[in-house]
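Beneath this line is the structure, given in structure tokens, with notes to follow.
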Amino acid sequence: MDAINWHSFFFLFFALLACGFSLAVVMTSNIVHMAFYLTLALGATSGLFFLAGADFVGAMQLLIYVGGTLVLLIFGVMLTAKGPFISMKTSAGDLVLGAGVGGALLVLLLAAATQVDAWRVSEPSPPVAQVTASRLGMALLGARVDKLDEKDPVQARGMSGYLLPFEIVSVHLLVVLIGSAYLARPKKRMVGGPVDTA
Amino acid sequence: MNLLTQPVGVSHYLIVGAIMFVAGVVCMATKRNALGVLMGIELVLNGANVNFVAFGSVYLRPEVTGIGLDGQLVALFVIVLAAAEAAVALAITLNFYNNHSTVDVDQADELKG
């Protein structure tokens, strides 16, 4: 009996949480329960990110996704969850069809995920603690500090970072903010209409 | 093969990502509530993110020295774009709810010929 590999133990813990609550989102038909299960599933996913060495992405998953996007979704649930909309049952035919297609897709994806030798269990890599935040920030600004020793000049030209996608995402976020604020504005009330003075 | 004593590899992460992805797809296809469809989209994006982070992880693929940061950067972009997408979709859903007093996506068939 070998010693327990704690990395694998915590991976198993978070993976079971993430998969279980993802399936729970599909299974339940109550929209409030769905929002709660989704929160737990995404939180467990951030644990998986931490275990893969992506500390900054895991933190951003918690901050932006669980803390921002899901709060937005839960507000949407609270604004619309009335009477019949809390629990909307899917018809049995749709459920069977969805489960069949989803099962087929799952079999395909699992076969693809497990059949490549290079993706199987690797040798335990030496534990090197690396903080990725500063390197990610430099890459977003256009400098790949992790690729400075790239020998091949042709490949070194491709290591120019992610400044352009960063700018595109920034402008995109601005456009989306303006657009959603415009879409969700309160409806104009009739101003100066016929006044009932009777 | 005991999962508790073996180190995890990329394919373990891929399995988790595949399950989340399929759960999201089924959620998108079968939910009648518009917000349920939105939650399915979030699950799909997260399943993809798990794959990106796993492929870019130097912990899981010690033979890969090059693309360490790329997977994480793409995952960051996906997170930000998911936030933008959720904001717009929620605004549309609330507008639809204000106009039609329902969030059932089956009722949104006014453009049907």
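Every chain in the structure tokens takes a letter, A first, then B, and so on in the order presented; its residues are numbered from 1, and the ligands are numbered from 1 following the presented order.
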
List every residue of chain A that has an atom at most 6 Å from any atom of chain B, giving for each one its closest atom pair and the distance in Å to one decimal, counting only C-alpha atoms, sorted by chain and then by ascending residue number, as CSV.
residue,atom,partner,partner_atom,distance
A:Ile4,CA,B:Thr5,CA,4.9
A:Asn5,CA,B:Thr5,CA,4.8
A:Ser8,CA,B:Leu4,CA,5.7
A:Phe9,CA,B:Leu4,CA,5.5
A:Ser22,CA,B:Met20,CA,5.9
A:Leu23,CA,B:Ala23,CA,5.8
A:Val26,CA,B:Cys27,CA,5.2
A:Ala52,CA,B:Ser57,CA,5.8
A:Thr69,CA,B:Ala83,CA,5.3
A:Gly98,CA,B:Val26,CA,5.6
A:Gly102,CA,B:Val22,CA,5.8
A:Ala113,CA,B:Ser11,CA,5.5
A:Thr114,CA,B:Ser11,CA,5.8
A:Trp119,CA,B:Val10,CA,5.0
A:Arg120,CA,B:Gly9,CA,5.4
A:Val121,CA,B:Gly9,CA,4.2
A:Ser122,CA,B:Gly9,CA,5.8
A:Ser125,CA,B:Pro62,CA,5.9
A:Ser180,CA,B:Val88,CA,5.0
A:Leu183,CA,B:Ala91,CA,5.8
A:Ala184,CA,B:Ala91,CA,5.0

Restricting the output to C-alpha atoms, write the selected residues as a PDB file, in the first residue's frame.
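Output contents, as saved in selection_2.pdb:
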ATOM      1  CA  ILE A   4      -1.654   8.596  -0.316  1.00  0.00           C
ATOM      2  CA  ASN A   5      -0.788  11.154  -2.971  1.00  0.00           C
ATOM      3  CA  SER A   8      -4.451  13.256  -6.305  1.00  0.00           C
ATOM      4  CA  PHE A   9      -6.636  13.160  -3.223  1.00  0.00           C
ATOM      5  CA  SER A  22     -22.729  19.988 -12.842  1.00  0.00           C
ATOM      6  CA  LEU A  23     -24.925  16.928 -13.186  1.00  0.00           C
ATOM      7  CA  VAL A  26     -28.972  19.288 -15.268  1.00  0.00           C
ATOM      8  CA  ALA A  52      -3.024  22.527 -11.896  1.00  0.00           C
ATOM      9  CA  THR A  69     -21.155  36.544 -13.224  1.00  0.00           C
ATOM     10  CA  GLY A  98     -31.158  15.174 -24.653  1.00  0.00           C
ATOM     11  CA  GLY A 102     -25.469  13.931 -24.413  1.00  0.00           C
ATOM     12  CA  ALA A 113      -9.503  12.000 -23.590  1.00  0.00           C
ATOM     13  CA  THR A 114      -8.234   8.608 -22.475  1.00  0.00           C
ATOM     14  CA  TRP A 119      -1.945  12.609 -21.738  1.00  0.00           C
ATOM     15  CA  ARG A 120      -1.923   9.655 -19.399  1.00  0.00           C
ATOM     16  CA  VAL A 121      -0.392   9.751 -15.962  1.00  0.00           C
ATOM     17  CA  SER A 122       2.996  11.388 -16.173  1.00  0.00           C
ATOM     18  CA  SER A 125       6.893  16.474 -11.703  1.00  0.00           C
ATOM     19  CA  SER A 180     -26.529  45.838 -21.786  1.00  0.00           C
ATOM     20  CA  LEU A 183     -31.077  46.971 -23.274  1.00  0.00           C
ATOM     21  CA  ALA A 184     -31.986  46.781 -19.613  1.00  0.00           C
TER      22      ALA A 184
END

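Here CA of Leu140 (chain A) and CA of Ile168 (chain A) stand 11.6 Å from one another.
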
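The gap separating CA of Ile86 (chain A) from CA of His33 (chain A) is 9.4 Å, in Å to one decimal.
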
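When CA of Ala112 (chain A) is paired with CA of Ala48 (chain B), their separation reads 14.5 Å.
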
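Distance check against Met88 (chain A) using only C-alpha atoms: of A:Thr28, A:Leu51, A:Leu163, A:Tyr182, the minimum falls on A:Thr28.
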
Using only C-alpha atoms, which residues sit within 7 Å of region 60-68 of chain A once same-chain residues fewer than 3 positions away are excluded, as JSON, numbers by chain? {"A": [39, 42, 43, 46, 56, 57, 71, 72], "B": [79]}

Export, as a PDB file, in the first residue's frame, the selected residues with N, CA and C atoms.
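Produced file again_12.pdb, reproduced below:
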ATOM      1  N   THR A  39     -23.132  27.541  -8.570  1.00  0.00           N
ATOM      2  CA  THR A  39     -22.122  28.219  -7.750  1.00  0.00           C
ATOM      3  C   THR A  39     -21.114  27.218  -7.191  1.00  0.00           C
ATOM      4  N   LEU A  42     -18.802  25.755  -9.989  1.00  0.00           N
ATOM      5  CA  LEU A  42     -17.759  26.658 -10.457  1.00  0.00           C
ATOM      6  C   LEU A  42     -16.716  26.896  -9.372  1.00  0.00           C
ATOM      7  N   GLY A  43     -17.126  26.911  -8.112  1.00  0.00           N
ATOM      8  CA  GLY A  43     -16.155  27.032  -7.033  1.00  0.00           C
ATOM      9  C   GLY A  43     -15.213  25.839  -6.980  1.00  0.00           C
ATOM     10  N   SER A  46     -12.541  26.092  -9.551  1.00  0.00           N
ATOM     11  CA  SER A  46     -11.387  26.930  -9.206  1.00  0.00           C
ATOM     12  C   SER A  46     -10.386  26.131  -8.375  1.00  0.00           C
ATOM     13  N   PHE A  56      -3.373  32.213 -10.460  1.00  0.00           N
ATOM     14  CA  PHE A  56      -4.054  33.455 -10.801  1.00  0.00           C
ATOM     15  C   PHE A  56      -5.393  33.188 -11.477  1.00  0.00           C
ATOM     16  N   VAL A  57      -5.418  32.199 -12.375  1.00  0.00           N
ATOM     17  CA  VAL A  57      -6.678  31.880 -13.057  1.00  0.00           C
ATOM     18  C   VAL A  57      -7.704  31.367 -12.055  1.00  0.00           C
ATOM     19  N   VAL A  71     -23.437  36.165  -9.497  1.00  0.00           N
ATOM     20  CA  VAL A  71     -24.305  37.085  -8.771  1.00  0.00           C
ATOM     21  C   VAL A  71     -25.287  37.732  -9.742  1.00  0.00           C
ATOM     22  N   LEU A  72     -24.771  38.048 -10.940  1.00  0.00           N
ATOM     23  CA  LEU A  72     -25.640  38.601 -11.987  1.00  0.00           C
ATOM     24  C   LEU A  72     -26.759  37.615 -12.327  1.00  0.00           C
TER      25      LEU A  72
ATOM     26  N   ILE B  79     -12.945  33.627 -19.324  1.00  0.00           N
ATOM     27  CA  ILE B  79     -13.675  34.070 -18.127  1.00  0.00           C
ATOM     28  C   ILE B  79     -14.245  35.465 -18.347  1.00  0.00           C
TER      29      ILE B  79
END

Determine which residues of region 16-81 of chain B receive a DSSP assignment of helix (DSSP H, G or I), computed from the backbone, and state them as an MDAnalysis selection string. chainID B and resid 16:30 34:55 68:81

For region 16-21 of chain A, work out the shell of residues within 7 Å, counting only C-alpha atoms and skipping chain neighbours fewer than 3 positions away, then give it as a PyMOL selection string. (chain A and resi 12-13+24-25+37-38+40-42+44-45) or (chain B and resi 16+19-20)

Go ahead and write the selection's residues with C-alpha atoms as a compact mmCIF listing (two decimals), in the first residue's frame.
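Output file again38.txt follows:
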# COMPACT_ATOMS: atom_id res chain seq x y z
CA LEU A 12 -10.42 13.66 -6.72
CA PHE A 13 -12.28 15.70 -4.13
CA ALA A 24 -27.15 18.23 -10.40
CA VAL A 25 -27.67 21.43 -12.41
CA TYR A 37 -25.51 24.05 -7.64
CA LEU A 38 -23.85 26.08 -10.37
CA LEU A 40 -20.71 25.12 -6.06
CA ALA A 41 -19.64 23.54 -9.36
CA LEU A 42 -17.76 26.66 -10.46
CA ALA A 44 -14.91 23.45 -7.18
CA THR A 45 -13.53 24.16 -10.66
CA VAL B 16 -13.72 16.34 -15.74
CA ILE B 19 -18.41 15.78 -18.06
CA MET B 20 -18.95 19.50 -17.37
